[in-house]
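Structure below is model-v3.cif: mmCIF, C-alpha atoms.
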data_model
#
loop_
_atom_site.group_PDB
_atom_site.id
_atom_site.type_symbol
_atom_site.label_atom_id
_atom_site.label_comp_id
_atom_site.auth_asym_id
_atom_site.auth_seq_id
_atom_site.Cartn_x
_atom_site.Cartn_y
_atom_site.Cartn_z
ATOM 1 C CA VAL J 283 0.000 0.000 0.000
ATOM 2 C CA SER J 284 1.492 3.318 -1.090
ATOM 3 C CA ILE J 285 0.890 6.085 1.427
ATOM 4 C CA ASP J 286 1.426 8.630 -1.389
ATOM 5 C CA ARG J 287 -0.901 7.087 -4.002
ATOM 6 C CA ASN J 288 -3.532 5.762 -1.626
ATOM 7 C CA PRO J 289 -3.351 7.486 1.777
ATOM 8 C CA ALA J 290 -6.838 6.291 2.760
ATOM 9 C CA ALA J 291 -5.867 2.639 2.333
ATOM 10 C CA ALA J 292 -2.612 3.260 4.212
ATOM 11 C CA GLN J 293 -4.523 4.779 7.110
ATOM 12 C CA ALA J 294 -6.881 1.809 7.063
ATOM 13 C CA VAL J 295 -3.871 -0.499 7.486
ATOM 14 C CA ARG J 296 -2.634 1.588 10.416
ATOM 15 C CA THR J 297 -6.060 1.434 12.027
ATOM 16 C CA ARG J 298 -6.518 -2.282 11.410
ATOM 17 C CA TYR J 299 -3.180 -3.169 13.013
ATOM 18 C CA ASN J 300 -3.283 -0.448 15.673
ATOM 19 C CA LEU J 301 0.070 0.988 14.569
ATOM 20 C CA PRO J 302 1.353 3.934 16.647
ATOM 21 C CA PRO J 303 1.572 7.289 14.800
ATOM 22 C CA GLU J 304 5.343 7.502 15.241
ATOM 23 C CA MET J 305 6.011 4.192 13.496
ATOM 24 C CA ASP J 306 7.759 4.335 10.104
ATOM 25 C CA ASP J 307 5.548 4.526 7.018
ATOM 26 C CA ASN J 308 7.838 2.013 5.283
ATOM 27 C CA LEU J 309 7.176 -1.376 6.885
ATOM 28 C CA VAL J 310 6.224 -4.993 6.304
ATOM 29 C CA ILE J 311 3.471 -6.670 8.332
ATOM 30 C CA PHE J 312 3.337 -10.431 8.842
ATOM 31 C CA GLU J 313 -0.015 -11.824 10.009
ATOM 32 C CA HIS J 314 -1.294 -15.310 10.736
ATOM 33 C CA ALA J 315 -4.348 -16.433 12.701
ATOM 34 C CA GLY J 316 -4.809 -13.002 14.246
ATOM 35 C CA ARG J 317 -1.158 -12.621 15.303
ATOM 36 C CA LYS J 318 1.118 -10.034 13.749
ATOM 37 C CA ARG J 319 4.733 -8.941 13.602
ATOM 38 C CA VAL J 320 5.807 -5.586 12.165
ATOM 39 C CA ILE J 321 9.232 -4.994 10.582
ATOM 40 C CA SER J 322 10.058 -1.342 9.945
ATOM 41 C CA GLU J 323 12.543 -0.018 7.402
ATOM 42 C CA ARG J 324 14.907 1.117 10.174
ATOM 43 C CA MET J 325 15.331 -2.469 11.366
ATOM 44 C CA LEU J 326 16.470 -3.857 8.004
ATOM 45 C CA THR J 327 20.134 -2.830 8.042
ATOM 46 C CA ASP J 328 23.030 -2.310 10.412
ATOM 47 C CA LYS J 329 24.301 1.230 10.030
ATOM 48 C CA ASP J 330 27.523 3.100 10.659
ATOM 49 C CA TYR J 331 27.882 6.854 10.714
ATOM 50 C CA GLU J 332 30.907 8.625 9.254
ATOM 51 C CA GLN J 333 32.039 12.231 9.167
ATOM 52 C CA VAL J 334 32.948 13.166 5.579
ATOM 53 C CA PRO J 335 33.982 16.533 4.099
ATOM 54 C CA ASN J 336 31.363 18.342 2.022
ATOM 55 C CA ALA J 337 31.823 21.877 0.662
ATOM 56 C CA GLY J 338 34.387 22.734 3.295
ATOM 57 C CA GLN J 339 32.314 21.305 6.171
ATOM 58 C CA MET J 340 32.053 17.916 7.833
ATOM 59 C CA GLU J 341 28.820 16.058 7.121
ATOM 60 C CA LEU J 342 27.429 13.016 8.939
ATOM 61 C CA VAL J 343 26.759 10.264 6.374
ATOM 62 C CA THR J 344 24.892 7.006 6.984
ATOM 63 C CA ARG J 345 26.508 3.820 5.676
ATOM 64 C CA HIS J 346 24.356 0.701 5.417
ATOM 65 C CA ARG J 347 26.632 -2.211 6.321
ATOM 66 C CA THR J 348 24.563 -5.379 6.671
ATOM 67 C CA PHE J 349 21.152 -6.289 5.261
ATOM 68 C CA LYS J 350 19.107 -8.225 7.841
ATOM 69 C CA GLY J 351 15.814 -8.553 5.975
ATOM 70 C CA GLU J 352 16.045 -12.309 5.414
ATOM 71 C CA LEU J 353 16.850 -12.918 9.087
ATOM 72 C CA LEU J 354 14.077 -10.625 10.333
ATOM 73 C CA PHE J 355 11.474 -11.921 7.884
ATOM 74 C CA THR J 356 12.246 -15.542 8.765
ATOM 75 C CA SER J 357 12.025 -14.681 12.450
ATOM 76 C CA ALA J 358 8.713 -12.876 11.925
ATOM 77 C CA ILE J 359 7.207 -15.843 10.090
ATOM 78 C CA ALA J 360 8.350 -18.209 12.826
ATOM 79 C CA ASP J 361 6.930 -15.839 15.426
ATOM 80 C CA VAL J 362 3.420 -15.512 14.006
ATOM 81 C CA ILE J 363 3.045 -19.256 13.379
ATOM 82 C CA ALA J 364 4.524 -20.235 16.760
ATOM 83 C CA PRO J 365 2.297 -22.552 18.825
ATOM 84 C CA ARG J 366 1.904 -19.996 21.613
ATOM 85 C CA GLN J 367 2.111 -16.273 22.241
ATOM 86 C CA TYR J 368 4.837 -14.838 24.467
ATOM 87 C CA GLN J 369 3.866 -13.534 27.903
ATOM 88 C CA ALA J 370 5.385 -10.643 29.886
ATOM 89 C CA TYR J 371 4.610 -9.621 33.463
ATOM 90 C CA PHE J 372 5.042 -6.167 35.011
ATOM 91 C CA VAL J 373 5.809 -6.499 38.725
ATOM 92 C CA SER J 374 3.703 -4.144 40.870
ATOM 93 C CA ASN J 375 3.281 -2.929 44.462
ATOM 94 C CA HIS J 376 6.673 -1.145 44.782
ATOM 95 C CA GLY J 377 5.796 2.158 43.094
ATOM 96 C CA GLU J 378 6.601 0.850 39.604
ATOM 97 C CA HIS J 379 5.471 2.628 36.450
ATOM 98 C CA ASN J 380 1.974 1.770 35.245
ATOM 99 C CA PRO J 381 1.944 -0.251 31.999
ATOM 100 C CA ALA J 382 -1.458 1.293 31.198
ATOM 101 C CA GLY J 383 -0.460 4.874 32.110
ATOM 102 C CA ASN J 384 -0.255 7.622 29.480
ATOM 103 C CA GLU J 385 1.584 10.190 31.634
ATOM 104 C CA ALA J 386 4.595 11.818 29.996
ATOM 105 C CA GLN J 387 7.824 10.070 31.087
ATOM 106 C CA MET J 388 6.003 8.131 33.819
ATOM 107 C CA GLY J 389 3.359 6.111 31.945
ATOM 108 C CA TYR J 390 4.416 2.947 30.121
ATOM 109 C CA ALA J 391 1.434 2.618 27.777
ATOM 110 C CA SER J 392 3.570 3.184 24.664
ATOM 111 C CA PHE J 393 5.970 0.454 25.743
ATOM 112 C CA ALA J 394 3.080 -1.887 26.503
ATOM 113 C CA ASP J 395 1.676 -1.165 23.019
ATOM 114 C CA LEU J 396 5.050 -2.103 21.553
ATOM 115 C CA LEU J 397 4.912 -5.452 23.340
ATOM 116 C CA VAL J 398 1.456 -6.159 21.913
ATOM 117 C CA LEU J 399 2.657 -5.104 18.469
ATOM 118 C CA ASN J 400 5.284 -7.837 18.708
ATOM 119 C CA ASN J 401 2.861 -10.565 19.837
ATOM 120 C CA VAL J 402 3.752 -10.326 23.525
ATOM 121 C CA ARG J 403 0.829 -10.336 25.942
ATOM 122 C CA PHE J 404 1.360 -8.612 29.263
ATOM 123 C CA ASP J 405 -0.178 -8.672 32.703
ATOM 124 C CA VAL J 406 0.544 -7.176 36.141
ATOM 125 C CA LEU J 407 2.025 -9.404 38.848
ATOM 126 C CA ASN J 408 2.118 -8.867 42.614
ATOM 127 C CA LEU J 409 4.960 -11.070 43.841
ATOM 128 C CA GLY J 410 3.963 -10.647 47.457
ATOM 129 C CA THR J 411 0.533 -12.254 47.079
ATOM 130 C CA SER J 412 0.630 -14.406 43.948
ATOM 131 C CA GLY J 413 3.319 -16.845 45.016
ATOM 132 C CA GLU J 414 5.705 -18.146 42.377
ATOM 133 C CA ILE J 415 6.362 -16.399 39.087
ATOM 134 C CA PRO J 416 3.999 -18.064 36.572
ATOM 135 C CA ASP J 417 5.399 -20.825 34.390
ATOM 136 C CA ASP J 418 4.302 -18.981 31.242
ATOM 137 C CA CYS J 419 6.441 -15.901 32.074
ATOM 138 C CA ASP J 420 8.760 -15.217 29.131
ATOM 139 C CA LEU J 421 9.807 -11.782 30.400
ATOM 140 C CA LEU J 422 9.661 -10.244 33.872
ATOM 141 C CA ILE J 423 9.697 -6.420 33.909
ATOM 142 C CA LEU J 424 10.659 -4.348 36.965
ATOM 143 C CA ALA J 425 9.773 -0.866 35.732
ATOM 144 C CA GLY J 426 11.241 1.745 38.069
ATOM 145 C CA PRO J 427 10.492 0.411 41.571
ATOM 146 C CA ARG J 428 10.623 3.026 44.328
ATOM 147 C CA GLN J 429 10.226 0.823 47.412
ATOM 148 C CA LYS J 430 12.071 -2.179 48.826
ATOM 149 C CA TYR J 431 11.287 -5.696 47.713
ATOM 150 C CA LEU J 432 10.482 -8.228 50.416
ATOM 151 C CA PRO J 433 13.060 -11.015 50.923
ATOM 152 C CA VAL J 434 10.533 -13.585 49.676
ATOM 153 C CA GLU J 435 10.027 -11.547 46.494
ATOM 154 C CA LEU J 436 13.779 -11.359 45.869
ATOM 155 C CA ASP J 437 14.006 -15.114 46.409
ATOM 156 C CA ARG J 438 11.336 -15.669 43.754
ATOM 157 C CA ILE J 439 13.151 -13.438 41.265
ATOM 158 C CA GLU J 440 16.446 -15.214 41.956
ATOM 159 C CA GLN J 441 14.828 -18.619 41.483
ATOM 160 C CA TYR J 442 13.259 -17.419 38.226
ATOM 161 C CA LEU J 443 16.675 -16.322 36.910
ATOM 162 C CA ASN J 444 18.357 -19.561 37.977
ATOM 163 C CA GLN J 445 15.720 -21.413 35.961
ATOM 164 C CA GLY J 446 16.687 -19.560 32.770
ATOM 165 C CA GLY J 447 14.289 -16.588 33.028
ATOM 166 C CA ARG J 448 14.497 -13.258 31.216
ATOM 167 C CA LEU J 449 14.465 -10.035 33.217
ATOM 168 C CA LEU J 450 14.239 -6.328 32.312
ATOM 169 C CA VAL J 451 15.078 -3.950 35.187
ATOM 170 C CA LEU J 452 14.726 -0.162 34.963
ATOM 171 C CA PHE J 453 16.023 1.651 38.035
ATOM 172 C CA ASN J 454 14.414 4.776 39.427
ATOM 173 C CA LEU J 455 16.469 7.471 41.169
ATOM 174 C CA ALA J 456 13.999 7.745 44.076
ATOM 175 C CA PRO J 457 15.262 4.783 46.177
ATOM 176 C CA VAL J 458 18.957 5.588 45.657
ATOM 177 C CA LEU J 459 19.551 6.162 49.382
ATOM 178 C CA VAL J 460 17.697 3.115 50.743
ATOM 179 C CA GLY J 461 17.936 0.650 47.858
ATOM 180 C CA THR J 462 15.371 -1.844 46.656
ATOM 181 C CA GLY J 463 17.168 -5.114 47.426
ATOM 182 C CA LEU J 464 17.620 -5.742 43.707
ATOM 183 C CA GLU J 465 21.079 -4.175 43.834
ATOM 184 C CA ARG J 466 22.570 -7.056 45.829
ATOM 185 C CA LEU J 467 20.746 -9.686 43.803
ATOM 186 C CA LEU J 468 22.113 -8.277 40.524
ATOM 187 C CA THR J 469 25.657 -8.245 41.898
ATOM 188 C CA GLN J 470 25.451 -12.037 41.807
ATOM 189 C CA TRP J 471 24.993 -11.739 38.055
ATOM 190 C CA GLY J 472 27.973 -9.431 37.503
ATOM 191 C CA ILE J 473 26.037 -6.137 37.582
ATOM 192 C CA GLN J 474 26.946 -3.128 39.716
ATOM 193 C CA VAL J 475 24.079 -0.697 40.310
ATOM 194 C CA GLY J 476 25.349 2.741 41.297
ATOM 195 C CA ALA J 477 23.881 4.602 44.281
ATOM 196 C CA ASN J 478 24.383 7.860 42.451
ATOM 197 C CA LEU J 479 23.119 10.384 39.908
ATOM 198 C CA VAL J 480 24.780 10.966 36.542
ATOM 199 C CA GLN J 481 24.689 14.327 34.765
ATOM 200 C CA ASP J 482 26.280 15.246 31.439
ATOM 201 C CA ALA J 483 26.138 18.999 30.788
ATOM 202 C CA ASP J 484 27.626 18.491 27.297
ATOM 203 C CA ASN J 485 24.758 16.187 26.306
ATOM 204 C CA THR J 486 21.446 17.341 27.743
ATOM 205 C CA LEU J 487 18.115 18.879 26.720
ATOM 206 C CA ASP J 488 17.710 21.226 29.698
ATOM 207 C CA SER J 489 19.716 23.780 31.662
ATOM 208 C CA GLN J 490 19.637 21.669 34.856
ATOM 209 C CA ALA J 491 21.077 18.616 33.046
ATOM 210 C CA VAL J 492 18.234 16.439 34.334
ATOM 211 C CA SER J 493 18.089 14.770 30.926
ATOM 212 C CA LEU J 494 21.018 12.937 29.381
ATOM 213 C CA VAL J 495 21.216 12.393 25.624
ATOM 214 C CA THR J 496 23.604 9.814 24.198
ATOM 215 C CA SER J 497 24.211 7.710 21.115
ATOM 216 C CA ARG J 498 27.301 5.994 22.517
ATOM 217 C CA TYR J 499 26.502 2.293 22.440
ATOM 218 C CA GLY J 500 28.367 -0.894 23.229
ATOM 219 C CA PRO J 501 28.729 -3.971 20.972
ATOM 220 C CA HIS J 502 25.459 -5.821 21.495
ATOM 221 C CA PRO J 503 22.531 -6.898 19.239
ATOM 222 C CA ILE J 504 20.044 -5.013 21.436
ATOM 223 C CA VAL J 505 21.524 -1.591 20.695
ATOM 224 C CA ALA J 506 23.015 -2.278 17.243
ATOM 225 C CA PRO J 507 19.788 -1.281 15.385
ATOM 226 C CA LEU J 508 19.862 2.153 17.058
ATOM 227 C CA GLY J 509 22.970 3.201 15.110
ATOM 228 C CA GLY J 510 23.385 6.911 15.745
ATOM 229 C CA VAL J 511 19.830 7.431 17.025
ATOM 230 C CA PRO J 512 20.078 9.271 20.364
ATOM 231 C CA LEU J 513 18.672 7.819 23.559
ATOM 232 C CA VAL J 514 17.235 10.230 26.137
ATOM 233 C CA MET J 515 17.423 9.278 29.826
ATOM 234 C CA TYR J 516 16.220 11.249 32.838
ATOM 235 C CA SER J 517 18.198 11.370 36.104
ATOM 236 C CA PRO J 518 20.093 8.170 35.253
ATOM 237 C CA ARG J 519 22.312 6.121 37.549
ATOM 238 C CA THR J 520 25.447 4.203 36.606
ATOM 239 C CA ILE J 521 24.890 0.560 35.714
ATOM 240 C CA ALA J 522 28.196 -1.217 35.142
ATOM 241 C CA GLY J 523 29.454 -4.714 34.504
ATOM 242 C CA LEU J 524 31.694 -6.170 37.179
ATOM 243 C CA LEU J 525 35.097 -7.256 35.910
ATOM 244 C CA GLY J 526 34.947 -10.830 34.679
ATOM 245 C CA GLY J 527 31.286 -11.029 35.554
ATOM 246 C CA ALA J 528 32.328 -11.218 39.228
ATOM 247 C CA GLY J 529 33.086 -14.914 38.755
ATOM 248 C CA THR J 530 29.485 -15.747 37.875
ATOM 249 C CA GLY J 531 30.229 -17.363 34.525
ATOM 250 C CA ALA J 532 27.868 -14.854 32.906
ATOM 251 C CA THR J 533 28.695 -12.703 29.886
ATOM 252 C CA VAL J 534 28.179 -9.055 30.829
ATOM 253 C CA THR J 535 28.106 -6.344 28.131
ATOM 254 C CA GLU J 536 27.784 -2.634 28.826
ATOM 255 C CA LEU J 537 25.188 -1.208 26.433
ATOM 256 C CA VAL J 538 25.065 2.589 26.809
ATOM 257 C CA TYR J 539 27.618 5.219 27.823
ATOM 258 C CA THR J 540 27.633 8.890 28.746
ATOM 259 C CA GLY J 541 29.859 11.423 27.041
ATOM 260 C CA THR J 542 33.457 11.783 28.190
ATOM 261 C CA ASN J 543 32.797 14.692 30.601
ATOM 262 C CA ALA J 544 29.874 13.357 32.609
ATOM 263 C CA VAL J 545 29.799 13.767 36.402
ATOM 264 C CA VAL J 546 28.721 11.165 38.959
ATOM 265 C CA TYR J 547 27.251 12.555 42.194
ATOM 266 C CA THR J 548 27.196 10.181 45.158
ATOM 267 C CA GLN J 549 26.210 12.397 48.087
ATOM 268 C CA PHE J 550 22.603 13.385 48.789
ATOM 269 C CA SER J 551 20.989 15.611 51.392
ATOM 270 C CA GLY J 552 17.240 15.946 51.817
ATOM 271 C CA GLY J 553 16.734 13.972 48.616
ATOM 272 C CA GLN J 554 18.869 16.455 46.642
ATOM 273 C CA VAL J 555 22.323 15.882 45.200
ATOM 274 C CA THR J 556 25.252 17.438 47.056
ATOM 275 C CA ARG J 557 28.132 18.661 44.891
ATOM 276 C CA THR J 558 31.475 18.199 46.612
ATOM 277 C CA GLY J 559 33.928 19.199 43.889
ATOM 278 C CA ARG J 560 35.463 15.723 44.152
ATOM 279 C CA ASP J 561 32.781 13.969 42.119
ATOM 280 C CA PRO J 562 34.144 11.587 39.452
ATOM 281 C CA VAL J 563 34.269 12.980 35.898
ATOM 282 C CA GLY J 564 34.529 10.898 32.719
ATOM 283 C CA GLU J 565 32.646 8.323 30.659
ATOM 284 C CA PHE J 566 30.278 6.024 32.562
ATOM 285 C CA PRO J 567 28.023 3.072 31.621
ATOM 286 C CA LEU J 568 24.262 3.461 32.026
ATOM 287 C CA ALA J 569 22.947 0.024 31.028
ATOM 288 C CA VAL J 570 24.147 -3.566 30.742
ATOM 289 C CA ALA J 571 23.052 -6.884 29.265
ATOM 290 C CA VAL J 572 23.825 -10.253 30.853
ATOM 291 C CA GLU J 573 23.629 -13.710 29.359
ATOM 292 C CA LYS J 574 24.353 -17.011 31.042
ATOM 293 C CA GLY J 575 23.772 -20.575 29.924
ATOM 294 C CA GLY J 576 23.160 -21.999 26.503
ATOM 295 C CA LEU J 577 25.515 -24.931 27.094
ATOM 296 C CA PRO J 578 25.042 -27.938 24.782
ATOM 297 C CA GLY J 579 22.757 -30.488 26.380
ATOM 298 C CA VAL J 580 21.864 -28.237 29.302
ATOM 299 C CA THR J 581 18.210 -27.205 29.562
ATOM 300 C CA THR J 582 16.715 -25.309 32.491
ATOM 301 C CA LEU J 583 13.056 -25.202 33.505
ATOM 302 C CA ARG J 584 12.461 -22.078 31.387
ATOM 303 C CA GLY J 585 14.907 -22.801 28.568
ATOM 304 C CA GLY J 586 18.656 -22.803 28.253
ATOM 305 C CA VAL J 587 19.734 -19.162 28.625
ATOM 306 C CA THR J 588 19.202 -16.572 31.361
ATOM 307 C CA ARG J 589 19.063 -13.041 29.915
ATOM 308 C CA ILE J 590 19.009 -9.797 31.908
ATOM 309 C CA VAL J 591 18.923 -6.168 30.780
ATOM 310 C CA VAL J 592 19.372 -3.433 33.389
ATOM 311 C CA THR J 593 19.245 0.320 32.803
ATOM 312 C CA GLY J 594 19.674 3.299 35.108
#
Just dump the structure as structure tokens.
Amino acid sequence: VSIDRNPAAAQAVRTRYNLPPEMDDNLVIFEHAGRKRVISERMLTDKDYEQVPNAGQMELVTRHRTFKGELLFTSAIADVIAPRQYQAYFVSNHGEHNPAGNEAQMGYASFADLLVLNNVRFDVLNLGTSGEIPDDCDLLILAGPRQKYLPVELDRIEQYLNQGGRLLVLFNLAPVLVGTGLERLLTQWGIQVGANLVQDADNTLDSQAVSLVTSRYGPHPIVAPLGGVPLVMYSPRTIAGLLGGAGTGATVTELVYTGTNAVVYTQFSGGQVTRTGRDPVGEFPLAVAVEKGGLPGVTTLRGGVTRIVVTG
């Protein structure tokens, strides 16, 4: 369907598949038995960005390095004809973001829509009352908790990971002084969660440097499609990989970095950062990915590989 020659039909496609307004116009939709997978033009190639001279000035040029259409299309076909739909759970009851909320920066409705767009159902899970993490959980999401987790809840998350679970953790700045309990648990997987606040005055959208804008990414398939697209974070914390995975046997990859003149503040008073003049300055990691397992002949209760992504 050409959006230029037949805009009405193009809009009908968007309406039928509930595509968000910001999604690329150039895309391919795979559908089978009511399930769909959407591949946008941006996803089709790996890109590099080079500075080249042009009329006496330096110009940023995009270079398309690797075509991934065959891989993505094959994956999409396998996804929509798979015998079951994937299931995600948002953990609740600790001040986490609402997966149905539309509030700017705080609501996660757009992210929840993206899950549905990729054939992932989602539900809300209270670990304190529901008992074990359900067997059908393909992804557990801890979206910005602001209160402590109970020991029994941490035990359930740890058991889930040891069984080969997948976990997405997004840390909020609010509990930086008291912690959530997740910090110690993640150390066991080679992840160091900073009790701090990172600001980068060279890369921000506001005069107070509350926001941090970066397109400095590590070598990992999760961030490779972003290329030079900037990521905006608000009041981030450092999230770093421990050297050698802290002896866990896990592969830890740092995903996102600040600029080279960022500042890490570690002292707080009355909930506000205290600047001491001795705060570390440099480049700092803001997100990591962890993978453990996948050994030949080794299968856990939830598969063969534990995967964790943590962002500040």
Next on the checklist: Residues within 12 Å of (2.8, 6.5, 23.0), file coordinates, counting only C-alpha atoms: what are they? Give the list as a ChimeraX atom specification.
Outcome noted: /J:300-305,381-396
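Atom CA of J:Asp482 lies 8.2 Å from atom CA of J:Val495.
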Checklist entry - Of the residues J:Leu452, J:Val538, J:Ala483, J:Leu443, which is the one nearest to J:Gly575, using all atoms listed in the file? => result J:Leu443
Item to check | Residue members of the PyMOL selection byres ((chain J and resi 489-491) around 12) in the file shown, as number ranges by chain | outcome: J: 479-488, 492-495, 514-518, 544-545
Checklist entry - Smallest atom-to-atom distance to J:Gly531: which of J:Pro503, J:Arg428, J:Thr556, J:Gln470, using only C-alpha atoms? => result J:Gln470
Could you pull out every residue with an atom within 8 Å of (21.0, 9.9, 44.8), file coordinates, counting all atoms listed in the file, and send them as a PDB file with C-alpha atoms, in the frame of the given file?
ATOM      1  CA  LEU J 455      16.469   7.471  41.169  1.00  0.00           C
ATOM      2  CA  ALA J 456      13.999   7.745  44.076  1.00  0.00           C
ATOM      3  CA  PRO J 457      15.262   4.783  46.177  1.00  0.00           C
ATOM      4  CA  VAL J 458      18.957   5.588  45.657  1.00  0.00           C
ATOM      5  CA  LEU J 459      19.551   6.162  49.382  1.00  0.00           C
ATOM      6  CA  ALA J 477      23.881   4.602  44.281  1.00  0.00           C
ATOM      7  CA  ASN J 478      24.383   7.860  42.451  1.00  0.00           C
ATOM      8  CA  LEU J 479      23.119  10.384  39.908  1.00  0.00           C
ATOM      9  CA  TYR J 547      27.251  12.555  42.194  1.00  0.00           C
ATOM     10  CA  THR J 548      27.196  10.181  45.158  1.00  0.00           C
ATOM     11  CA  GLN J 549      26.210  12.397  48.087  1.00  0.00           C
ATOM     12  CA  PHE J 550      22.603  13.385  48.789  1.00  0.00           C
ATOM     13  CA  GLY J 553      16.734  13.972  48.616  1.00  0.00           C
ATOM     14  CA  GLN J 554      18.869  16.455  46.642  1.00  0.00           C
ATOM     15  CA  VAL J 555      22.323  15.882  45.200  1.00  0.00           C
TER      16      VAL J 555
END
Checklist entry - atom CA of J:Val343 and atom CA of J:Gly541 are how many Å apart? => result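 So the two atoms, atom CA of J:Val343 and atom CA of J:Gly541, lie 20.9 Å apart.
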Item to check | Among listed residues J:Ala571, J:Leu421, J:Val434, J:Ala522, nearest J:Ile504 (using all atoms listed in the file) | outcome: J:Ala571
